[in-house]
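Everything below belongs to model.txt, which stores compact mmCIF, C-alpha atoms.
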# COMPACT_ATOMS: atom_id res chain seq x y z
CA MET A 98 7.59 11.06 4.18
CA ASN A 99 11.13 9.89 3.51
CA SER A 100 12.43 8.88 0.13
CA VAL A 101 14.19 5.55 -0.39
CA GLY A 102 17.22 7.64 -1.33
CA GLU A 103 18.24 9.52 1.79
CA ALA A 104 19.50 12.42 -0.34
CA CYS A 105 16.21 12.71 -2.25
CA THR A 106 13.77 13.48 0.56
CA GLU A 107 13.98 17.25 0.16
CA LEU A 108 13.54 17.03 -3.64
CA LYS A 109 10.59 14.72 -3.09
CA ARG A 110 8.99 17.14 -0.66
CA GLU A 111 9.28 19.98 -3.17
CA TYR A 112 7.77 17.88 -5.94
CA ASP A 113 4.96 16.49 -3.75
CA GLN A 114 3.95 19.98 -2.76
CA CYS A 115 3.73 21.08 -6.39
CA PHE A 116 1.97 17.89 -7.47
CA ASN A 117 -0.63 17.94 -4.69
CA ARG A 118 -1.65 21.47 -5.57
CA TRP A 119 -1.87 20.71 -9.32
CA PHE A 120 -3.79 17.48 -8.66
CA ALA A 121 -6.46 19.12 -6.50
CA GLU A 122 -6.73 22.46 -8.25
CA SER A 123 -6.30 21.56 -11.91
CA PHE A 124 -6.37 17.88 -12.71
CA LEU A 125 -9.49 16.90 -10.76
CA LYS A 126 -11.26 20.00 -12.02
CA GLY A 127 -10.90 18.70 -15.56
CA GLU A 128 -8.15 21.01 -16.77
CA ARG A 129 -5.94 19.47 -19.37
CA GLY A 130 -2.35 20.50 -19.42
CA GLY A 131 1.17 19.27 -19.91
CA GLU A 132 3.43 17.46 -17.51
CA PRO A 133 2.73 18.49 -13.96
CA CYS A 134 5.60 20.13 -12.12
CA GLY A 135 8.05 19.03 -14.82
CA ASP A 136 11.27 20.54 -13.52
CA SER A 137 10.97 19.45 -9.92
CA PHE A 138 9.86 15.98 -11.11
CA LYS A 139 13.00 15.64 -13.26
CA ARG A 140 15.30 16.65 -10.43
CA TYR A 141 13.58 14.27 -8.02
CA GLN A 142 13.63 11.38 -10.52
CA LEU A 143 17.36 11.78 -11.23
CA CYS A 144 17.99 11.37 -7.52
CA VAL A 145 15.54 8.56 -6.77
CA GLN A 146 16.38 6.48 -9.86
CA ARG A 147 20.04 6.59 -8.86
CA ALA A 148 19.12 5.39 -5.37
CA ILE A 149 17.09 2.52 -6.86
CA ARG A 150 20.09 1.42 -8.95
CA GLU A 151 22.48 1.69 -6.02
CA LYS A 152 20.21 -0.35 -3.78
CA ASP A 153 19.47 -2.87 -6.53
CA ILE A 154 15.72 -2.60 -6.10
CA PRO A 155 14.21 -4.87 -8.73
CA VAL A 156 11.71 -2.52 -10.39
CA ASP A 157 12.93 -2.97 -13.97
CA GLY A 158 10.72 -4.89 -16.35
CA VAL A 159 7.75 -4.89 -14.02
CA ASP A 160 4.68 -4.23 -16.17
CA PHE A 161 2.32 -1.42 -15.25
CA MET A 162 -0.57 -2.88 -13.19
CA GLY A 163 1.77 -5.87 -13.51
CA PRO A 164 0.50 -9.03 -11.88
CA ASN A 165 -3.15 -8.05 -12.32
CA LYS A 166 -4.02 -10.87 -14.67
CA ASP A 167 -7.45 -12.42 -14.71
CA LYS A 168 -7.64 -13.76 -11.22
CA PRO A 169 -10.04 -16.41 -10.11
CA GLU A 170 -12.45 -15.29 -7.42
CA SER A 171 -12.18 -18.43 -5.36
CA MET B 160 -3.67 -22.24 -4.57
CA VAL B 161 -4.43 -18.61 -4.08
CA LYS B 162 -6.43 -17.18 -1.23
CA TYR B 163 -8.97 -14.60 -2.36
CA PHE B 164 -10.44 -11.91 -0.16
CA CYS B 165 -12.90 -9.17 -1.01
CA CYS B 166 -14.46 -6.39 1.05
CA ALA B 167 -16.09 -3.01 0.68
CA GLY B 168 -15.12 0.17 2.48
CA LEU B 169 -16.73 3.56 2.83
CA LEU B 170 -15.13 6.96 3.26
CA LYS B 171 -17.42 9.77 4.32
CA CYS B 172 -15.87 12.27 1.95
CA SER B 173 -16.23 13.14 -1.71
CA TRP B 174 -14.38 11.15 -4.35
CA ASP B 175 -12.18 14.18 -5.06
CA GLN B 176 -11.20 14.47 -1.40
CA ALA B 177 -10.45 10.75 -1.22
CA CYS B 178 -8.11 11.02 -4.20
CA VAL B 179 -6.35 14.08 -2.80
CA ALA B 180 -5.94 12.28 0.54
CA TYR B 181 -4.62 9.19 -1.22
CA TRP B 182 -1.47 11.03 -2.31
CA GLN B 183 -0.93 12.58 1.11
CA ARG B 184 -1.70 9.71 3.41
CA TYR B 185 1.84 8.99 4.61
CA PRO B 186 2.93 9.45 7.27
CA ASN B 187 0.00 8.96 9.62
CA PRO B 188 -0.17 7.44 13.13
CA TYR B 189 -1.29 4.09 11.69
CA SER B 190 1.47 3.78 9.08
CA ASN B 191 4.54 3.10 11.22
CA HIS B 192 5.33 0.11 9.03
CA VAL B 193 5.79 2.36 5.97
CA LEU B 194 9.39 3.53 6.00
CA THR B 195 9.76 5.25 2.62
CA GLU B 196 7.50 6.29 -0.20
CA ASP B 197 8.42 7.51 -3.70
CA ILE B 198 6.84 8.21 -7.04
CA ILE B 199 9.02 6.48 -9.61
CA PHE B 200 6.86 6.90 -12.71
CA ARG B 201 4.10 9.29 -13.63
CA GLU B 202 2.35 10.17 -16.85
CA ILE B 203 -0.87 11.63 -18.17
CA THR B 204 -2.40 9.41 -20.85
CA PRO B 205 -3.93 10.82 -24.07
CA SER B 206 -7.37 10.16 -22.54
CA ASN B 207 -6.39 12.39 -19.58
CA CYS B 208 -5.93 9.70 -16.94
CA LEU B 209 -3.12 10.03 -14.43
CA ILE B 210 -1.02 6.91 -14.16
CA SER B 211 1.58 6.59 -11.41
CA ARG B 212 3.86 4.04 -9.85
CA ARG B 213 4.71 4.36 -6.19
CA LEU B 214 7.56 2.47 -4.54
CA MET B 215 7.37 1.87 -0.82
CA THR B 216 9.62 0.26 1.75
CA LYS B 217 7.70 -1.49 4.49
CA THR B 218 8.80 -3.45 7.50
CA SER B 219 7.92 -7.10 7.15
CA ARG B 220 8.07 -9.13 10.31
CA ALA B 221 7.46 -12.81 9.99
CA PRO B 222 5.80 -14.58 12.91
CA ARG B 223 8.01 -16.71 15.14
CA TRP B 224 6.78 -20.02 13.82
CA MET B 225 7.69 -18.96 10.31
CA GLU B 226 11.11 -17.57 11.12
CA ARG B 227 12.76 -20.96 11.47
CA TYR B 228 11.98 -21.72 7.84
CA LEU B 229 13.45 -18.49 6.55
CA PRO B 230 17.04 -17.72 5.66
CA LYS B 231 18.81 -16.21 8.68
CA HIS B 232 19.98 -13.13 6.82
CA MET B 233 16.61 -12.35 5.34
CA ALA B 234 15.91 -8.62 5.24
CA SER B 235 13.23 -7.37 7.56
CA LYS B 236 12.21 -4.84 4.95
CA ALA B 237 10.14 -5.40 1.84
CA TYR B 238 9.73 -3.35 -1.29
CA VAL B 239 6.19 -2.81 -2.44
CA ILE B 240 4.93 -1.37 -5.72
CA GLU B 241 1.64 0.45 -5.99
CA ASP B 242 0.39 1.32 -9.48
CA SER B 243 -2.61 3.55 -9.91
CA ILE B 244 -4.90 5.03 -12.54
CA VAL B 245 -6.97 8.11 -11.73
CA ASP B 246 -9.74 8.72 -14.27
CA PRO B 247 -11.28 12.15 -13.59
CA GLN B 248 -13.92 11.69 -16.31
CA LYS B 249 -15.34 8.44 -14.96
CA ARG B 250 -14.50 9.45 -11.41
CA THR B 251 -12.71 6.22 -10.58
CA MET B 252 -9.33 5.49 -9.11
CA THR B 253 -7.91 2.00 -9.42
CA THR B 254 -4.85 0.92 -7.48
CA LEU B 255 -2.85 -2.28 -7.59
CA THR B 256 -0.37 -3.02 -4.82
CA TRP B 257 2.00 -5.95 -4.53
CA ASN B 258 5.29 -6.93 -2.90
CA ILE B 259 8.38 -7.40 -5.05
CA SER B 260 10.48 -8.72 -2.14
CA HIS B 261 10.07 -12.17 -0.59
CA ALA B 262 7.40 -12.93 -3.20
CA ARG B 263 8.14 -16.65 -3.28
CA LEU B 264 7.59 -16.84 0.44
CA MET B 265 4.38 -14.87 0.28
CA SER B 266 2.83 -12.71 -2.38
CA VAL B 267 0.06 -10.28 -1.53
CA GLU B 268 -1.68 -8.45 -4.34
CA GLU B 269 -4.36 -5.95 -3.62
CA ARG B 270 -6.67 -4.16 -6.03
CA CYS B 271 -8.81 -1.24 -4.92
CA VAL B 272 -11.36 0.65 -6.92
CA TYR B 273 -12.44 3.99 -5.47
CA GLY B 274 -15.72 5.31 -6.85
CA ILE B 275 -18.65 7.52 -5.92
CA ASN B 276 -21.02 5.82 -3.47
CA SER B 277 -24.27 4.89 -5.22
CA GLU B 278 -26.48 5.97 -2.31
CA ASN B 279 -24.71 9.17 -1.31
CA SER B 280 -22.75 10.99 -3.97
CA ASN B 281 -20.78 12.88 -1.29
CA TRP B 282 -19.25 9.62 -0.11
CA THR B 283 -16.65 7.34 -1.61
CA GLU B 284 -16.80 3.59 -1.74
CA ILE B 285 -13.83 1.29 -2.02
CA LYS B 286 -14.03 -2.16 -3.50
CA ARG B 287 -11.04 -4.01 -2.19
CA GLU B 288 -9.81 -7.39 -3.42
CA ALA B 289 -6.73 -9.34 -2.44
CA TRP B 290 -4.94 -12.44 -3.66
CA ILE B 291 -2.53 -14.11 -1.26
CA SER B 292 -0.28 -16.95 -2.29
CA SER B 293 2.82 -18.77 -1.13
CA LYS B 294 5.17 -21.11 -2.92
CA VAL B 295 6.76 -22.62 0.16
CA TYR B 296 6.32 -26.36 -0.15
CA GLY B 297 4.27 -27.84 2.66
CA LEU B 298 3.68 -24.55 4.40
CA SER B 299 1.85 -22.53 1.81
CA ARG B 300 -1.55 -22.97 3.44
CA ALA B 301 -0.35 -21.83 6.87
CA ILE B 302 1.50 -18.90 5.38
CA GLN B 303 -1.53 -17.87 3.35
CA GLU B 304 -3.72 -17.98 6.46
CA PHE B 305 -1.23 -15.81 8.30
CA GLY B 306 -1.04 -13.45 5.32
CA LEU B 307 -4.78 -13.10 5.18
CA ALA B 308 -5.07 -12.35 8.90
CA ARG B 309 -2.34 -9.74 8.62
CA PHE B 310 -3.93 -8.27 5.52
CA LYS B 311 -7.22 -7.79 7.33
CA THR B 312 -5.46 -5.97 10.18
CA SER B 313 -3.69 -3.74 7.68
CA VAL B 314 -6.99 -2.84 5.98
CA THR B 315 -8.27 -1.50 9.30
CA LYS B 316 -5.10 0.54 9.71
CA THR B 317 -5.29 1.85 6.15
CA MET B 318 -8.86 3.06 6.68
CA LYS B 319 -7.96 4.70 9.99
CA GLY B 320 -4.99 6.39 8.37
CA PHE B 321 -7.21 7.64 5.58
CA GLU B 322 -9.72 9.07 8.04
CA TYR B 323 -6.93 10.73 9.98
CA ILE B 324 -5.56 12.44 6.86
CA LEU B 325 -9.06 13.47 5.72
CA ALA B 326 -9.76 15.08 9.09
CA LYS B 327 -6.42 16.85 8.92
CA MET B 328 -7.17 18.13 5.42
CA GLN B 329 -10.49 19.49 6.64
CA GLY B 330 -8.71 21.45 9.33
CA GLU B 331 -9.74 19.33 12.27
CA THR B 332 -7.16 18.21 14.75
CA PRO B 333 -7.43 14.47 14.59
CA SER B 334 -6.55 12.90 17.86
CA ARG B 335 -5.94 9.34 18.60
CA THR B 336 -7.97 8.79 21.73
CA LEU B 337 -6.53 6.92 24.66
CA ALA B 338 -9.25 4.31 24.34
CA GLU B 339 -8.29 3.74 20.73
CA THR B 340 -4.64 3.32 21.59
CA ALA B 341 -5.55 0.90 24.35
CA THR B 342 -7.79 -1.16 22.06
CA GLU B 343 -5.03 -1.40 19.53
CA ARG B 344 -2.50 -2.48 22.16
CA ALA B 345 -4.89 -5.17 23.32
CA ARG B 346 -5.37 -6.35 19.77
CA GLU B 347 -1.63 -6.53 19.16
CA THR B 348 -1.12 -8.48 22.37
CA ALA B 349 -3.86 -10.89 21.36
CA LEU B 350 -2.26 -11.32 17.97
CA ALA B 351 1.13 -12.03 19.52
CA ALA B 352 -0.47 -14.61 21.83
CA LYS B 353 -2.15 -16.25 18.87
CA GLU B 354 1.14 -16.52 17.04
CA LYS B 355 2.76 -17.98 20.12
CA ALA B 356 0.00 -20.56 20.33
CA LYS B 357 0.48 -21.46 16.69
CA ASP B 358 4.18 -21.75 17.32
CA LEU B 359 3.60 -24.17 20.20
CA ALA B 360 1.08 -26.10 18.15
CA SER B 361 3.48 -26.52 15.26
CA GLN B 362 6.24 -27.62 17.66
CA ALA B 363 3.90 -30.16 19.18
CA GLN B 364 2.94 -31.41 15.76
CA LYS B 365 6.56 -31.71 14.78
CA LYS B 366 7.31 -33.76 17.87
CA GLN B 367 4.56 -36.16 16.94
CA TYR B 368 6.32 -36.95 13.71
CA VAL B 369 9.75 -37.43 15.29
Could you express the structure from this file as structure tokens?
Amino acid sequence: MNSVGEACTELKREYDQCFNRWFAESFLKGERGGEPCGDSFKRYQLCVQRAIREKDIPVDGVDFMGPNKDKPES
Amino acid sequence: MVKYFCCAGLLKCSWDQACVAYWQRYPNPYSNHVLTEDIIFREITPSNCLISRRLMTKTSRAPRWMERYLPKHMASKAYVIEDSIVDPQKRTMTTLTWNISHARLMSVEERCVYGINSENSNWTEIKREAWISSKVYGLSRAIQEFGLARFKTSVTKTMKGFEYILAKMQGETPSRTLAETATERARETALAAKEKAKDLASQAQKKQYV
């Protein structure tokens, strides 16, 4: 799948591959460990965060699980 | 006014498989509207939950009748954020998805909770909720109705995409049958016709007021 930053797709692919293996083989099996795939994540983030700034994508200041306030079930 | 929608889904795979598939589900033959996908934040909490934020670019086509009320230069792409928490102890995955573009026109927020099915522990159930709102004066109800209809169509596509990826993970060669493709075409044509009818209806209504 393509990254929003055209130059980041290859870095993303590398990271995804590492993450998917760690997720299935370690994380879900209950192993506790440090940051998954740290180095490839850093490289990928440098690239994608730059792309987000350049494209002015408004992700700053958006709370985690952001708009999920108590919603009425109408 | 917010439109609320709730439904349950079932995946005939274990919770672990569903979570693994969740991270690998793009691209699939039912996700042509998803153009890009990125992880922009990821952390493991002290209680060993995985929290992530995914940023997606999706195409967002407004129906004809709505177009006339929109700015001419409006982008046909929308940015969508999807936050998630995977809790391997409780065996739950909660996702929250919402659009950060065109949110005044229409905001769609979706929350899904993936858990182990209570009747068959090898299956995964999804509780899906959605809140659809619009702040366009005088048109919010029509826009919400449209949003809800489109949301329901996208749920079907999401589930099909999921099943496709699951089959692929299990080494099967998932094929989109001709019949399936034909059904989908027919559905899209019907949807287009419905929009056209709405368009005509709104024109007729407008004329009445002139």
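The two atoms in question, CA of Val267 in chain B and CA of Tyr163 in chain B, are spaced 10.0 Å apart.
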request  = Could you jot down the CA of Arg250 in chain B to CA of Ile291 in chain B separation for me, Å, one decimal place?
outcome  =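 Interatomic distance, CA of Arg250 in chain B to CA of Ile291 in chain B: 28.3 Å.
When CA of Thr317 in chain B is paired with CA of Asn187 in chain B, their separation reads 9.5 Å.
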Using all atoms listed in the file, the shortest atom-to-atom distance to chain A among B:Gly297, B:Pro247, B:Pro205, B:Pro222 belongs to B:Pro247
Which one of B:Met252, B:Ala349, B:Leu264, B:Ala356 sits closest to Ala177 in chain B if you count all atoms listed in the file?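 Among B:Met252, B:Ala349, B:Leu264, B:Ala356, it is B:Met252 that comes nearest to Ala177 in chain B.
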Interface, chain A side, toward chain B (6 Å; all atoms listed in the file) as a short mmCIF file (atom, residue, chain, number, x, y, z; two decimals) with C-alpha atoms, in the coordinates of the input:
data_model
loop_
_atom_site.label_atom_id
_atom_site.label_comp_id
_atom_site.auth_asym_id
_atom_site.auth_seq_id
_atom_site.Cartn_x
_atom_site.Cartn_y
_atom_site.Cartn_z
CA MET A 98 7.59 11.06 4.18
CA ASN A 99 11.13 9.89 3.51
CA SER A 100 12.43 8.88 0.13
CA VAL A 101 14.19 5.55 -0.39
CA LEU A 125 -9.49 16.90 -10.76
CA MET A 162 -0.57 -2.88 -13.19
CA SER A 171 -12.18 -18.43 -5.36
#
Shell around Leu169 in chain B at 9 Å using all atoms listed in the file, local window under 6 positions removed, as a PyMOL selection string = chain B and resi 276+282-286+318
Counting only C-alpha atoms, which residues come within 12 Å of (18.8, -9.2, 5.5), with the point read in the file's coordinates, and could you list them as an mmCIF file with C-alpha atoms, in the coordinates of the input?
data_model
loop_
_atom_site.group_PDB
_atom_site.id
_atom_site.type_symbol
_atom_site.label_atom_id
_atom_site.label_comp_id
_atom_site.auth_asym_id
_atom_site.auth_seq_id
_atom_site.Cartn_x
_atom_site.Cartn_y
_atom_site.Cartn_z
ATOM 1 C CA THR B 218 8.800 -3.450 7.500
ATOM 2 C CA SER B 219 7.920 -7.100 7.150
ATOM 3 C CA ARG B 220 8.070 -9.130 10.310
ATOM 4 C CA LEU B 229 13.450 -18.490 6.550
ATOM 5 C CA PRO B 230 17.040 -17.720 5.660
ATOM 6 C CA LYS B 231 18.810 -16.210 8.680
ATOM 7 C CA HIS B 232 19.980 -13.130 6.820
ATOM 8 C CA MET B 233 16.610 -12.350 5.340
ATOM 9 C CA ALA B 234 15.910 -8.620 5.240
ATOM 10 C CA SER B 235 13.230 -7.370 7.560
ATOM 11 C CA LYS B 236 12.210 -4.840 4.950
ATOM 12 C CA ALA B 237 10.140 -5.400 1.840
ATOM 13 C CA SER B 260 10.480 -8.720 -2.140
ATOM 14 C CA HIS B 261 10.070 -12.170 -0.590
#
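Shortest atom-to-atom contact with Thr315 in chain B among B:Met265, B:Ile275, B:Cys166, B:Ala301: B:Cys166, counting only C-alpha atoms.
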Show which residues sit within 8 Å of Pro133 in chain A, as a PDB file with C-alpha atoms, in the frame of the given file. Count only C-alpha atoms, and ignore same-chain residues fewer than 3 positions away.
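The new file out.pdb reads:
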ATOM      1  CA  PHE A 116       1.970  17.890  -7.470  1.00  0.00           C
ATOM      2  CA  TRP A 119      -1.870  20.710  -9.320  1.00  0.00           C
ATOM      3  CA  GLY A 130      -2.350  20.500 -19.420  1.00  0.00           C
TER       4      GLY A 130
END
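Residue nearest Cys105 in chain A, chosen from A:Cys134, A:Cys144, A:Val159, A:Lys152 and counting all atoms listed in the file: A:Cys144.
Shortest separation to Glu107 in chain A among A:Tyr141, A:Phe124, A:Ile154, A:Arg147 occurs at residue A:Tyr141, atoms counted being all atoms listed in the file.
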message = Give me, as a list in words, all polymer residues having an atom no more than 12 Å from Cys115 in chain A, counting only C-alpha atoms and skipping those fewer than 6 positions away in the same chain.
response = Leu108, Lys109, Ala121, Glu122, Ser123, Glu132, Pro133, Cys134, Gly135, Asp136, Ser137 and Phe138 of chain A
